[in-house]
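**Q** Got a file for you: data_33.txt, compact mmCIF, C-alpha atoms.
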```txt
# COMPACT_ATOMS: atom_id res chain seq x y z
CA MET A 168 0.00 0.00 0.00
CA LEU A 169 1.24 3.47 -0.88
CA ILE A 170 -0.41 6.41 0.86
CA THR A 171 0.09 9.62 -1.12
CA ASN A 172 -0.66 13.33 -0.70
CA ALA A 173 -0.22 13.20 3.05
CA THR A 174 0.87 15.68 5.69
CA LEU A 175 2.57 13.45 8.24
CA ILE A 176 2.60 13.95 12.00
CA THR A 177 5.30 11.46 12.94
CA TRP A 178 5.12 11.59 16.77
CA GLU A 179 8.78 10.63 16.86
CA PRO A 180 10.62 11.64 20.06
CA GLU A 181 11.43 14.84 18.18
CA ASN A 182 8.09 15.23 16.44
CA GLN A 183 7.98 16.30 12.81
CA ILE A 184 5.23 17.60 10.54
CA LEU A 185 6.11 16.72 6.95
CA THR A 186 4.10 17.99 3.98
CA ASP A 187 3.52 16.42 0.55
CA GLN A 188 4.64 13.00 1.69
CA ALA A 189 4.00 9.38 0.80
CA VAL A 190 4.10 6.33 3.08
CA TYR A 191 4.87 2.85 1.74
CA ILE A 192 3.47 -0.03 3.81
CA ASP A 193 4.31 -3.71 3.37
CA ASN A 194 2.19 -6.17 5.38
CA ASP A 195 1.83 -4.61 8.85
CA ARG A 196 4.87 -2.29 8.81
CA ILE A 197 5.82 1.11 7.50
CA VAL A 198 8.73 0.55 5.12
CA GLU A 199 9.52 4.03 3.89
CA ILE A 200 8.34 7.63 4.00
CA GLY A 201 9.40 10.30 1.55
CA PRO A 202 8.44 12.69 -1.25
CA ILE A 203 5.42 11.61 -3.28
CA LYS A 204 7.14 11.54 -6.69
CA GLU A 205 10.06 9.52 -5.40
CA LEU A 206 7.97 6.81 -3.69
CA SER A 207 5.35 6.69 -6.46
CA SER A 208 8.12 5.93 -8.93
CA ARG A 209 9.69 3.31 -6.68
CA TYR A 210 6.48 1.47 -5.77
CA GLN A 211 4.47 1.62 -9.00
CA ASP A 212 2.70 -1.70 -8.37
CA ALA A 213 1.46 -0.79 -4.90
CA GLU A 214 -2.20 -0.09 -4.18
CA GLN A 215 -2.40 3.70 -3.92
CA ILE A 216 -4.48 5.45 -1.26
CA ASP A 217 -4.81 9.19 -1.79
CA ALA A 218 -4.87 10.97 1.59
CA GLY A 219 -6.19 14.10 -0.09
CA HIS A 220 -3.72 16.33 1.78
CA LYS A 221 -5.20 15.29 5.11
CA LEU A 222 -3.10 14.87 8.22
CA VAL A 223 -1.84 11.29 8.54
CA MET A 224 -0.77 10.37 12.06
CA PRO A 225 -0.44 7.35 14.35
CA GLY A 226 -3.71 6.04 15.76
CA ASN A 227 -4.72 6.87 19.31
CA ILE A 228 -4.11 4.43 22.16
CA CYS A 229 -6.37 3.82 25.18
CA ALA A 230 -4.48 2.61 28.25
CA HIS A 231 -7.48 1.48 30.35
CA THR A 232 -11.04 0.67 29.31
CA HIS A 233 -14.00 -1.63 29.98
CA PHE A 234 -15.74 -3.00 26.89
CA TYR A 235 -18.40 -4.67 29.04
CA GLY A 236 -19.77 -1.29 30.17
CA ALA A 237 -21.25 -0.50 26.76
CA PHE A 238 -24.71 -1.69 27.78
CA SER A 239 -24.88 0.85 30.63
CA ARG A 240 -25.65 3.74 28.28
CA GLY A 241 -29.07 5.14 29.18
CA MET A 242 -29.60 2.67 32.01
CA THR A 243 -31.71 3.84 34.96
CA ILE A 244 -30.32 3.08 38.43
CA PRO A 245 -33.19 2.08 40.79
CA GLY A 246 -33.84 4.19 43.89
CA ASP A 247 -31.89 7.24 44.95
CA ALA A 248 -28.78 8.28 43.06
CA PRO A 249 -25.58 6.73 44.50
CA LYS A 250 -24.05 9.01 47.11
CA ASP A 251 -20.44 7.85 46.71
CA PHE A 252 -18.21 5.55 44.70
CA PRO A 253 -18.92 2.35 46.68
CA GLU A 254 -22.63 2.87 46.03
CA ILE A 255 -21.91 3.41 42.32
CA LEU A 256 -20.24 0.00 42.28
CA GLU A 257 -23.05 -1.62 44.26
CA LYS A 258 -25.94 -0.01 42.37
CA LEU A 259 -24.56 0.07 38.82
CA TRP A 260 -21.42 -1.83 37.89
CA TRP A 261 -21.65 -4.97 40.00
CA PRO A 262 -25.31 -5.71 39.17
CA LEU A 263 -24.58 -4.92 35.50
CA ASP A 264 -21.59 -7.24 35.14
CA LYS A 265 -23.59 -10.02 36.87
CA SER A 266 -26.27 -9.58 34.20
CA LEU A 267 -23.98 -10.26 31.23
CA THR A 268 -24.34 -13.37 29.08
CA GLU A 269 -21.86 -14.59 26.48
CA ASP A 270 -23.82 -12.78 23.74
CA ASP A 271 -23.80 -9.60 25.84
CA ILE A 272 -20.03 -9.86 26.19
CA ARG A 273 -19.64 -10.24 22.43
CA TYR A 274 -21.87 -7.37 21.40
CA SER A 275 -20.78 -4.93 24.09
CA ALA A 276 -17.22 -5.50 22.85
CA LEU A 277 -18.25 -5.06 19.22
CA LEU A 278 -19.98 -1.77 20.06
CA CYS A 279 -16.81 -0.46 21.69
CA LEU A 280 -14.57 -1.68 18.89
CA ALA A 281 -16.72 -0.05 16.22
CA ASP A 282 -16.63 3.14 18.28
CA ALA A 283 -12.84 2.89 18.50
CA ILE A 284 -12.46 2.50 14.73
CA ARG A 285 -14.68 5.51 14.07
CA HIS A 286 -12.68 7.61 16.54
CA GLY A 287 -9.23 6.52 15.41
CA THR A 288 -8.31 4.54 18.53
CA THR A 289 -6.22 1.66 17.24
CA THR A 290 -4.91 0.00 20.44
CA LEU A 291 -6.97 -0.63 23.59
CA ILE A 292 -6.13 -2.19 26.96
CA ASP A 293 -9.32 -3.75 28.33
CA HIS A 294 -10.27 -4.93 31.83
CA HIS A 295 -13.20 -7.38 31.78
CA ALA A 296 -15.73 -8.69 34.34
CA SER A 297 -18.73 -11.02 33.86
CA PRO A 298 -19.20 -13.09 37.08
CA ASN A 299 -21.92 -15.31 35.59
CA ALA A 300 -20.02 -15.95 32.35
CA ILE A 301 -16.34 -16.18 33.29
CA ASP A 302 -15.00 -19.25 31.51
CA GLY A 303 -14.02 -18.44 27.94
CA SER A 304 -15.07 -14.79 28.23
CA LEU A 305 -11.66 -13.55 27.08
CA ASP A 306 -11.85 -15.78 24.01
CA ILE A 307 -15.17 -14.18 23.09
CA ILE A 308 -13.64 -10.71 23.34
CA ALA A 309 -10.55 -11.88 21.45
CA GLU A 310 -12.75 -13.06 18.58
CA THR A 311 -14.37 -9.64 18.33
CA VAL A 312 -10.98 -7.92 18.36
CA GLU A 313 -9.75 -10.13 15.52
CA GLN A 314 -12.99 -9.50 13.61
CA ALA A 315 -12.62 -5.73 14.02
CA GLY A 316 -8.91 -5.75 13.18
CA LEU A 317 -7.85 -3.60 16.12
CA ARG A 318 -4.98 -4.18 18.54
CA ALA A 319 -5.96 -5.06 22.13
CA VAL A 320 -4.65 -6.29 25.50
CA LEU A 321 -7.14 -8.38 27.50
CA CYS A 322 -7.51 -9.61 31.08
CA TYR A 323 -10.19 -10.81 33.49
CA GLU A 324 -10.97 -9.04 36.79
CA VAL A 325 -10.20 -11.28 39.79
CA THR A 326 -12.25 -10.34 42.87
CA ASP A 327 -13.53 -11.86 46.12
CA ARG A 328 -16.92 -10.12 45.91
CA ASP A 329 -18.68 -13.15 44.37
CA GLY A 330 -17.15 -15.86 46.56
CA PRO A 331 -14.13 -18.17 46.41
CA GLN A 332 -15.28 -20.28 43.45
CA LYS A 333 -15.69 -17.31 41.13
CA MET A 334 -12.49 -15.78 42.45
CA GLN A 335 -10.67 -18.96 41.41
CA ALA A 336 -12.52 -19.00 38.09
CA GLY A 337 -11.22 -15.49 37.41
CA ILE A 338 -7.65 -16.60 38.12
CA ASN A 339 -8.12 -19.59 35.85
CA GLU A 340 -9.52 -17.47 33.01
CA ASN A 341 -6.52 -15.15 33.09
CA LEU A 342 -4.09 -18.06 33.13
CA ARG A 343 -5.91 -19.98 30.42
CA PHE A 344 -5.91 -16.99 28.08
CA LEU A 345 -2.25 -16.21 28.73
CA ARG A 346 -1.31 -19.84 27.99
CA ARG A 347 -3.38 -19.78 24.82
CA LEU A 348 -1.54 -16.71 23.53
CA GLU A 349 1.81 -18.22 24.47
CA LYS A 350 0.98 -21.41 22.58
CA GLU A 351 -0.70 -19.73 19.60
CA PRO A 352 0.36 -16.07 19.37
CA VAL A 353 -2.07 -13.68 17.66
CA HIS A 354 -0.30 -10.61 16.32
CA LEU A 355 -3.06 -8.16 17.32
CA LEU A 356 -3.73 -9.65 20.77
CA ALA A 357 -1.88 -9.69 24.07
CA GLY A 358 -2.82 -10.51 27.65
CA THR A 359 -2.09 -9.50 31.21
CA PHE A 360 -3.52 -10.55 34.62
CA GLY A 361 -6.54 -8.61 35.88
CA LEU A 362 -7.34 -7.69 39.49
CA HIS A 363 -10.31 -5.60 40.59
CA ALA A 364 -9.16 -3.39 43.47
CA SER A 365 -7.69 -3.67 46.94
CA LEU A 366 -11.09 -3.29 48.62
CA THR A 367 -12.39 -6.54 47.04
CA LEU A 368 -9.19 -8.60 47.29
CA SER A 369 -8.10 -10.41 50.47
CA ASN A 370 -4.50 -11.10 51.37
CA THR A 371 -5.08 -14.77 50.60
CA THR A 372 -6.31 -13.91 47.09
CA LEU A 373 -3.47 -11.50 46.39
CA GLN A 374 -0.94 -14.16 47.40
CA LYS A 375 -2.76 -16.75 45.30
CA CYS A 376 -2.61 -14.45 42.27
CA ARG A 377 1.05 -13.66 42.85
CA ASN A 378 1.87 -17.37 43.05
CA ALA A 379 -0.17 -18.20 39.95
CA VAL A 380 1.17 -15.61 37.54
CA PRO A 381 3.84 -16.78 35.09
CA GLU A 382 7.27 -15.17 35.23
CA GLY A 383 7.35 -11.93 33.26
CA THR A 384 3.60 -11.25 33.45
CA GLY A 385 2.29 -8.10 35.08
CA PHE A 386 -1.04 -7.09 36.56
CA HIS A 387 -3.82 -4.66 35.63
CA VAL A 388 -5.50 -3.37 38.80
CA HIS A 389 -7.66 -0.45 39.96
CA ALA A 390 -5.82 1.42 42.69
CA ALA A 391 -7.01 4.16 45.08
CA GLU A 392 -9.76 5.28 42.73
CA SER A 393 -11.76 6.59 45.68
CA PRO A 394 -10.96 7.27 49.35
CA ALA A 395 -12.90 4.08 50.19
CA ASP A 396 -10.16 1.94 48.67
CA GLU A 397 -7.50 3.56 50.87
CA TRP A 398 -9.64 3.45 54.04
CA ASP A 399 -10.53 -0.18 53.46
CA SER A 400 -6.88 -1.11 53.04
CA LEU A 401 -5.80 0.86 56.12
CA ASN A 402 -8.61 -0.48 58.32
CA LYS A 403 -8.20 -4.13 57.33
CA TYR A 404 -4.47 -4.43 56.72
CA GLY A 405 -2.77 -1.35 58.20
CA LEU A 406 -1.35 -0.44 54.79
CA ARG A 407 -2.22 2.03 52.07
CA VAL A 408 -3.17 0.52 48.72
CA ILE A 409 0.14 0.87 46.86
CA ASP A 410 2.09 -0.29 49.93
CA ARG A 411 -0.15 -3.35 49.99
CA LEU A 412 0.41 -4.10 46.31
CA LYS A 413 4.15 -3.78 46.92
CA LYS A 414 3.98 -6.14 49.91
CA PHE A 415 2.62 -8.87 47.63
CA ASP A 416 5.14 -8.09 44.88
CA LEU A 417 2.41 -6.99 42.48
CA LEU A 418 4.11 -3.80 41.35
CA GLY A 419 6.70 -3.74 38.62
CA PRO A 420 7.45 -2.49 35.10
CA LYS A 421 4.68 -4.67 33.59
CA THR A 422 1.92 -3.70 36.03
CA ILE A 423 -0.80 -1.14 35.23
CA THR A 424 -2.41 0.68 38.16
CA ALA A 425 -5.57 2.47 37.05
CA HIS A 426 -6.64 5.84 38.53
CA CYS A 427 -4.41 6.33 41.64
CA VAL A 428 -6.51 9.37 42.57
CA HIS A 429 -5.88 9.14 46.32
CA VAL A 430 -2.28 7.97 46.59
CA ASP A 431 0.04 9.88 48.92
CA THR A 432 3.64 10.97 48.37
CA ARG A 433 5.13 7.69 49.61
CA GLU A 434 2.88 5.72 47.27
CA ILE A 435 3.89 7.92 44.34
CA ASN A 436 7.53 7.16 45.11
CA LEU A 437 6.79 3.43 45.33
CA LEU A 438 5.12 3.57 41.92
CA ALA A 439 8.09 5.42 40.44
CA ASP A 440 10.67 3.09 42.00
CA SER A 441 8.82 -0.02 40.82
CA GLY A 442 8.43 1.16 37.23
CA ALA A 443 4.67 0.50 37.36
CA TRP A 444 2.36 2.36 35.00
CA VAL A 445 -0.47 4.65 36.14
CA THR A 446 -3.46 5.37 33.91
CA HIS A 447 -5.42 8.61 34.22
CA GLN A 448 -9.15 8.64 33.35
CA PRO A 449 -10.35 12.20 34.03
CA ARG A 450 -13.85 11.90 32.50
CA SER A 451 -14.62 8.86 34.66
CA ASN A 452 -13.14 10.45 37.77
CA MET A 453 -15.33 13.52 37.23
CA ASN A 454 -18.42 11.40 36.62
CA ASN A 455 -17.82 9.38 39.80
CA ALA A 456 -16.91 12.51 41.76
CA VAL A 457 -13.84 10.80 43.22
CA GLY A 458 -11.46 13.73 42.76
CA VAL A 459 -8.50 14.52 40.52
CA ALA A 460 -5.26 12.54 40.59
CA GLN A 461 -1.97 14.29 41.26
CA ILE A 462 -0.80 13.62 37.74
CA GLU A 463 1.77 16.40 37.46
CA SER A 464 3.36 15.39 40.77
CA MET A 465 3.49 11.78 39.63
CA MET A 466 5.20 12.70 36.37
CA ARG A 467 7.71 14.90 38.20
CA ALA A 468 8.48 11.96 40.49
CA GLY A 469 9.19 9.75 37.47
CA VAL A 470 5.93 7.76 37.36
CA LYS A 471 4.96 6.60 33.87
CA VAL A 472 1.47 8.09 33.54
CA CYS A 473 -0.76 7.10 30.61
CA LEU A 474 -4.25 8.10 29.48
CA GLY A 475 -7.28 5.80 29.39
CA ASN A 476 -11.05 6.26 29.23
CA ASP A 477 -12.46 3.74 31.78
CA GLY A 478 -15.21 2.73 29.36
CA PHE A 479 -16.23 6.19 28.21
CA SER A 480 -16.35 6.71 24.43
CA ASN A 481 -13.17 5.88 22.56
CA ALA A 482 -12.93 9.47 21.39
CA MET A 483 -9.54 9.87 23.03
CA TRP A 484 -9.07 13.50 22.07
CA GLU A 485 -12.04 14.22 24.34
CA GLU A 486 -10.04 12.60 27.15
CA TRP A 487 -7.08 14.84 26.20
CA LYS A 488 -9.25 17.93 26.52
CA THR A 489 -10.72 16.85 29.84
CA ALA A 490 -7.26 16.16 31.27
CA TYR A 491 -6.04 19.52 30.04
CA LEU A 492 -8.94 21.44 31.61
CA ILE A 493 -9.77 19.62 34.84
CA HIS A 494 -6.35 20.14 36.41
CA LYS A 495 -6.60 23.87 35.76
CA VAL A 496 -9.95 24.27 37.46
CA TRP A 497 -9.09 21.82 40.26
CA ASN A 498 -5.97 23.84 41.10
CA ARG A 499 -7.47 27.21 40.12
CA ASP A 500 -4.36 27.84 38.06
CA PRO A 501 -4.42 28.10 34.23
CA ARG A 502 -0.73 27.15 34.11
CA ARG A 503 -1.36 23.62 35.33
CA MET A 504 -1.31 20.58 33.00
CA SER A 505 0.30 21.93 29.85
CA GLY A 506 -0.41 20.56 26.41
CA TYR A 507 3.02 18.94 26.46
CA ASP A 508 2.08 17.04 29.63
CA VAL A 509 -1.03 15.72 27.91
CA VAL A 510 1.02 14.64 24.89
CA ASN A 511 3.53 12.87 27.12
CA MET A 512 0.69 10.84 28.65
CA ALA A 513 -1.52 10.24 25.64
CA VAL A 514 1.12 9.80 22.95
CA TYR A 515 4.55 8.88 24.24
CA ASN A 516 3.70 6.99 27.45
CA ASN A 517 0.68 5.27 25.90
CA ALA A 518 2.86 4.15 23.00
CA ALA A 519 5.57 2.87 25.35
CA LEU A 520 2.96 0.91 27.31
CA ALA A 521 1.48 -0.58 24.14
CA ASN A 522 4.95 -1.47 22.90
CA MET A 523 5.54 -3.49 26.05
CA PHE A 524 2.74 -5.81 24.94
CA PHE A 525 3.57 -5.66 21.21
CA PRO A 526 7.37 -5.47 21.13
CA ALA A 527 7.93 -6.62 17.54
CA ALA A 528 7.92 -3.07 16.15
CA PRO A 529 7.45 0.52 17.35
CA ILE A 530 3.85 1.63 17.96
CA GLY A 531 2.57 5.18 17.89
CA ARG A 532 5.00 6.78 15.47
CA ILE A 533 5.44 7.13 11.73
CA THR A 534 8.92 5.90 11.00
CA PRO A 535 10.34 3.06 8.89
CA GLY A 536 9.92 -0.26 10.69
CA ALA A 537 6.99 0.86 12.84
CA PHE A 538 3.60 -0.84 12.89
CA ALA A 539 1.29 0.74 10.30
CA ASP A 540 -1.41 1.90 12.73
CA LEU A 541 -2.56 5.17 11.16
CA VAL A 542 -5.48 7.59 10.93
CA PHE A 543 -6.35 10.27 8.38
CA VAL A 544 -7.58 13.54 9.90
CA GLU A 545 -9.48 16.14 7.89
CA TYR A 546 -8.17 19.21 9.69
CA HIS A 547 -7.36 22.36 7.80
CA ALA A 548 -5.35 24.47 10.21
CA PRO A 549 -6.72 28.03 10.26
CA THR A 550 -3.46 29.25 11.81
CA PRO A 551 0.19 28.14 11.45
CA LEU A 552 0.73 24.51 12.47
CA SER A 553 4.08 23.37 13.84
CA PRO A 554 5.44 20.60 16.07
CA GLY A 555 5.66 23.15 18.87
CA ASN A 556 2.02 24.24 18.80
CA LEU A 557 0.46 20.95 17.64
CA PRO A 558 -0.81 20.00 21.14
CA TRP A 559 -2.99 23.12 21.25
CA HIS A 560 -4.30 22.55 17.72
CA ILE A 561 -5.43 19.11 18.89
CA LEU A 562 -6.87 20.41 22.17
CA PHE A 563 -8.76 23.34 20.67
CA GLY A 564 -9.25 22.38 17.02
CA PHE A 565 -9.41 18.62 16.53
CA ARG A 566 -12.68 16.70 16.62
CA ASP A 567 -12.91 12.94 16.39
CA THR A 568 -15.45 13.36 13.59
CA MET A 569 -12.55 14.65 11.49
CA ILE A 570 -11.12 11.12 11.25
CA THR A 571 -11.91 9.69 7.82
CA THR A 572 -9.71 6.57 7.62
CA THR A 573 -8.37 4.13 10.22
CA ILE A 574 -5.63 1.60 9.46
CA VAL A 575 -4.21 -1.04 11.83
CA GLY A 576 -1.31 -3.29 10.92
CA GLY A 577 -1.57 -2.14 7.31
CA LYS A 578 -5.25 -3.15 7.04
CA ILE A 579 -7.91 -0.53 6.32
CA LEU A 580 -10.65 -0.73 8.98
CA MET A 581 -12.44 2.45 7.93
CA LYS A 582 -12.19 4.30 4.63
CA ASP A 583 -13.95 7.60 3.96
CA ARG A 584 -15.83 7.14 7.25
CA GLN A 585 -17.20 3.73 6.23
CA LEU A 586 -16.17 0.77 8.40
CA THR A 587 -14.87 -2.15 6.36
CA THR A 588 -14.58 -4.96 8.93
CA LEU A 589 -17.71 -4.53 11.07
CA ASP A 590 -21.37 -4.30 10.13
CA THR A 591 -22.40 -1.46 12.41
CA ALA A 592 -26.10 -1.69 11.57
CA GLU A 593 -26.20 -5.38 12.53
CA ILE A 594 -24.15 -4.76 15.68
CA SER A 595 -26.38 -1.91 16.83
CA ALA A 596 -29.59 -3.82 16.14
CA ARG A 597 -28.44 -6.97 17.93
CA ALA A 598 -27.00 -4.99 20.85
CA HIS A 599 -30.31 -3.13 21.24
CA GLU A 600 -32.14 -6.46 21.33
CA LEU A 601 -29.74 -8.01 23.84
CA ALA A 602 -29.62 -4.97 26.12
CA THR A 603 -33.34 -5.29 26.83
CA GLY A 604 -32.72 -8.68 28.48
CA THR A 605 -29.57 -7.43 30.21
CA TRP A 606 -31.48 -4.53 31.76
CA GLN A 607 -34.24 -6.87 32.94
CA ARG A 608 -31.69 -9.12 34.67
CA TYR A 609 -30.08 -6.01 36.15
CA GLN A 610 -33.39 -4.69 37.53
CA SER A 611 -34.30 -8.09 39.02
CA GLN A 612 -31.37 -7.82 41.48
CA PHE A 613 -33.01 -4.95 43.39
```
How does this structure look as structure tokens?

**A**
Amino acid sequence: MLITNATLITWEPENQILTDQAVYIDNDRIVEIGPIKELSSRYQDAEQIDAGHKLVMPGNICAHTHFYGAFSRGMTIPGDAPKDFPEILEKLWWPLDKSLTEDDIRYSALLCLADAIRHGTTTLIDHHASPNAIDGSLDIIAETVEQAGLRAVLCYEVTDRDGPQKMQAGINENLRFLRRLEKEPVHLLAGTFGLHASLTLSNTTLQKCRNAVPEGTGFHVHAAESPADEWDSLNKYGLRVIDRLKKFDLLGPKTITAHCVHVDTREINLLADSGAWVTHQPRSNMNNAVGVAQIESMMRAGVKVCLGNDGFSNAMWEEWKTAYLIHKVWNRDPRRMSGYDVVNMAVYNNAALANMFFPAAPIGRITPGAFADLVFVEYHAPTPLSPGNLPWHILFGFRDTMITTTIVGGKILMKDRQLTTLDTAEISARAHELATGTWQRYQSQF
């Protein structure tokens, strides 16, 4: 494939914006970039895709999401509105995940994947829960990922909240899926080991998970999302959440800790020293009213902070904008959270995290040898556009509706805003049908 008439945003460590360029792709890699005439002459037999002078840039990456939450859209929570985060879990998320069938798992994932393609999100790190459909649930999601053609990292949420048998089933599902990928690697899929959160995991379970995990595998765990997680850990175990994870040797350079809204200075230093990743989900944190994480302090301390969406829409530039704005109002200081900080999270750190799971080639940059995960963006800059001011063009000018084409591993998943791998009409219709039953099962728990 030869992409022509492109303005490239390379997102290399020293970012470049290159005009009138062509990109030659062979299989799933970028082979060469250069002037249009030169590459058109060299690769005359290649399928040509005219970018129409749009911006061509690496696809967005989501560092933490929940496909299974798709069926919550529009759902009515019985009784009074939840007063705090524990009640949100008890009234919404835990009854919802208990209501999911295998078909629900499939179509909630397909909804999210179609949304990701439309919004130019090409790699997603998912965290799944379905207590009444655990066995094989990751295979169902894996099938949808392969069908969509996106890149994804999967895990199952281990928790004690549904009893010891389901806790063990969650461990087994993680291990089974990891062994499957080790035996039969799938180039667009990777796995990690999922844990819910400290407040639903006993010491016995944490030790069991630590003992079960293969060498070199990390964890994906919610950490200190609300004060309740910290108070629960202190009251039961005399340790703060990150200290507790460290005690069981669950931190490390392959572990993802989601949220970390209420960590203290010592915990930040433990995260930095361990090399663990933190994911920031500002839209979710605002919606749950849990507060705003000390992201700038974490980055200054050397913590690798990434950007996720926690199951919100896969319009990742909306997450960029929220991160950029919420820290200003939270601190009442317009100088807080610069555009460069957002780029470091959403572009460079997200790409480094994704590369840990897909190490065969660079992700998140346009350079020879990198994976060909690209999006076309129909943005006509009304003012000068440069590598230095690009973050503010994205924050104040970009809209996800400007994405016209999405490519992953050299395969076109959306062209001229038309999805090529998923039948969105069929997915929406079937999801609508299934959600009716899901909502009935949800309501019956109250």

**Q** Need the shell around A:Asp195: protein/DNA/RNA residues with any atom at most 7 Å away, counting all atoms listed in the file. Skip same-chain ones fewer than 6 positions apart. Format as a list in words?

**A**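 Selected residues are Phe538, Ala539, Gly576 and Gly577 of chain A.
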
**Q** Find the residue from A:Ser393, A:Thr268, A:Thr174, A:Asn481 that sits nearest to A:Gly604; use all atoms listed in the file when measuring.

**A**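 Ranked by minimum distance to A:Gly604, first place goes to A:Thr268.
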
**Q** Show me the residues close to (-2.0, -5.8, 46.3) - anything with an atom within 9 Å, counting all atoms listed in the file - and format the list as a list of chain:residue names.

**A** A:Leu362, A:Ala364, A:Ser365, A:Leu368, A:Ser369, A:Asn370, A:Leu373, A:Gln374, A:Val388, A:Ala390, A:Val408, A:Ile409, A:Asp410, A:Arg411, A:Leu412, A:Lys413, A:Lys414, A:Phe415, A:Asp416, A:Leu417, A:Leu418

**Q** Got a sec: who's within 12 Å of A:Pro298, counting all atoms listed in the file, leaving out chain neighbours fewer than 3 positions off, as a PyMOL selection string?

**A** chain A and resi 235+260-269+272+295+301-304+323-337+340

**Q** Report, in Å with one decimal, the straight-line distance from atom CA of A:His389 to atom CA of A:Lys350.

**A** 28.6 Å

**Q** Rounded to one decimal in Å, what is the spacing between atom CA of A:Met168 and atom CA of A:Tyr210?

**A** 8.8 Å

**Q** Give the answer as one residue: which of A:Gly219, A:Gly241, A:Pro253, A:Gly236 has the shortest atom-to-atom distance to A:Ala395, using all atoms listed in the file?

**A**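 Once distances to A:Ala395 are computed over all atoms listed in the file, the minimum belongs to A:Pro253.
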
**Q** Which of these residues is nearest to A:Leu586, using all atoms listed in the file: A:Gly316, A:Gly358, A:Pro554, A:Pro535?

**A**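 Smallest separation from A:Leu586 among the options: A:Gly316.
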
**Q** Pick the closest to A:Cys473 from A:Val544, A:Ala230, A:Ile574, A:Ile307: which is it, counting only C-alpha atoms?

**A**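 Ranking A:Val544, A:Ala230, A:Ile574, A:Ile307 by distance to A:Cys473, first place goes to A:Ala230.
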
**Q** Which of these residues is nearest to A:Lys495, using all atoms listed in the file: A:Gly564, A:Ser480, A:Ile462, A:Ala518?

**A** A:Ile462

**Q** Is it possible to get the residues within 9 Å of (-8.7, 11.1, 49.9) (coordinates as in the file, counting all atoms listed in the file) written as an MDAnalysis selection string?

**A** chainID A and resid 391 393:395 397:398 428:431 457:458

**Q** Residues within 7 Å of A:Ala439, please, as a list in words. Count all atoms listed in the file; anything in the same chain fewer than 5 positions from it doesn't count.

**A**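 The contact residues come out as Ala468, Gly469 and Val470 of chain A.
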
**Q** May I have the residues from that selection written out with C-alpha atoms, as a PDB file, keeping the file's coordinate frame?

**A**
```
ATOM      1  CA  ALA A 468       8.480  11.960  40.490  1.00  0.00           C
ATOM      2  CA  GLY A 469       9.190   9.750  37.470  1.00  0.00           C
ATOM      3  CA  VAL A 470       5.930   7.760  37.360  1.00  0.00           C
TER       4      VAL A 470
END
```

**Q** What are the closest atom pairs, with distances in Å to one decimal, for each residue of stretch 234-299 of chain A lying within 12 Å of stretch 579-583 of chain A, using only C-alpha atoms, rows by chain and rising residue number, as CSV?

**A**
```
residue,atom,partner,partner_atom,distance
A:Leu280,CA,A:Leu580,CA,10.7
A:Ala281,CA,A:Leu580,CA,9.5
A:Asp282,CA,A:Met581,CA,11.2
A:Ala283,CA,A:Leu580,CA,10.4
A:Ile284,CA,A:Met581,CA,6.8
A:Arg285,CA,A:Met581,CA,7.2
A:His286,CA,A:Met581,CA,10.0
A:Gly287,CA,A:Met581,CA,9.1
A:Thr288,CA,A:Leu580,CA,11.2
A:Thr289,CA,A:Leu580,CA,9.7
```

**Q** Hey, can you check how far atom CA of A:Val542 sits from atom CA of A:Val575?

**A**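 Separating atom CA of A:Val542 from atom CA of A:Val575 is a distance of 8.8 Å.
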
**Q** Mind checking which residues fall within 9 Å of A:Val223, counting all atoms listed in the file, ignoring those fewer than 2 positions away in the same chain, and posting them as a list in words?

**A**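 Once the nearby chain positions are removed, what remains is Ala173, Thr174, Leu175, Ile176, Thr177, Ala218, His220, Lys221, Pro225, Ile533, Leu541, Val542, Phe543 and Val544 of chain A.
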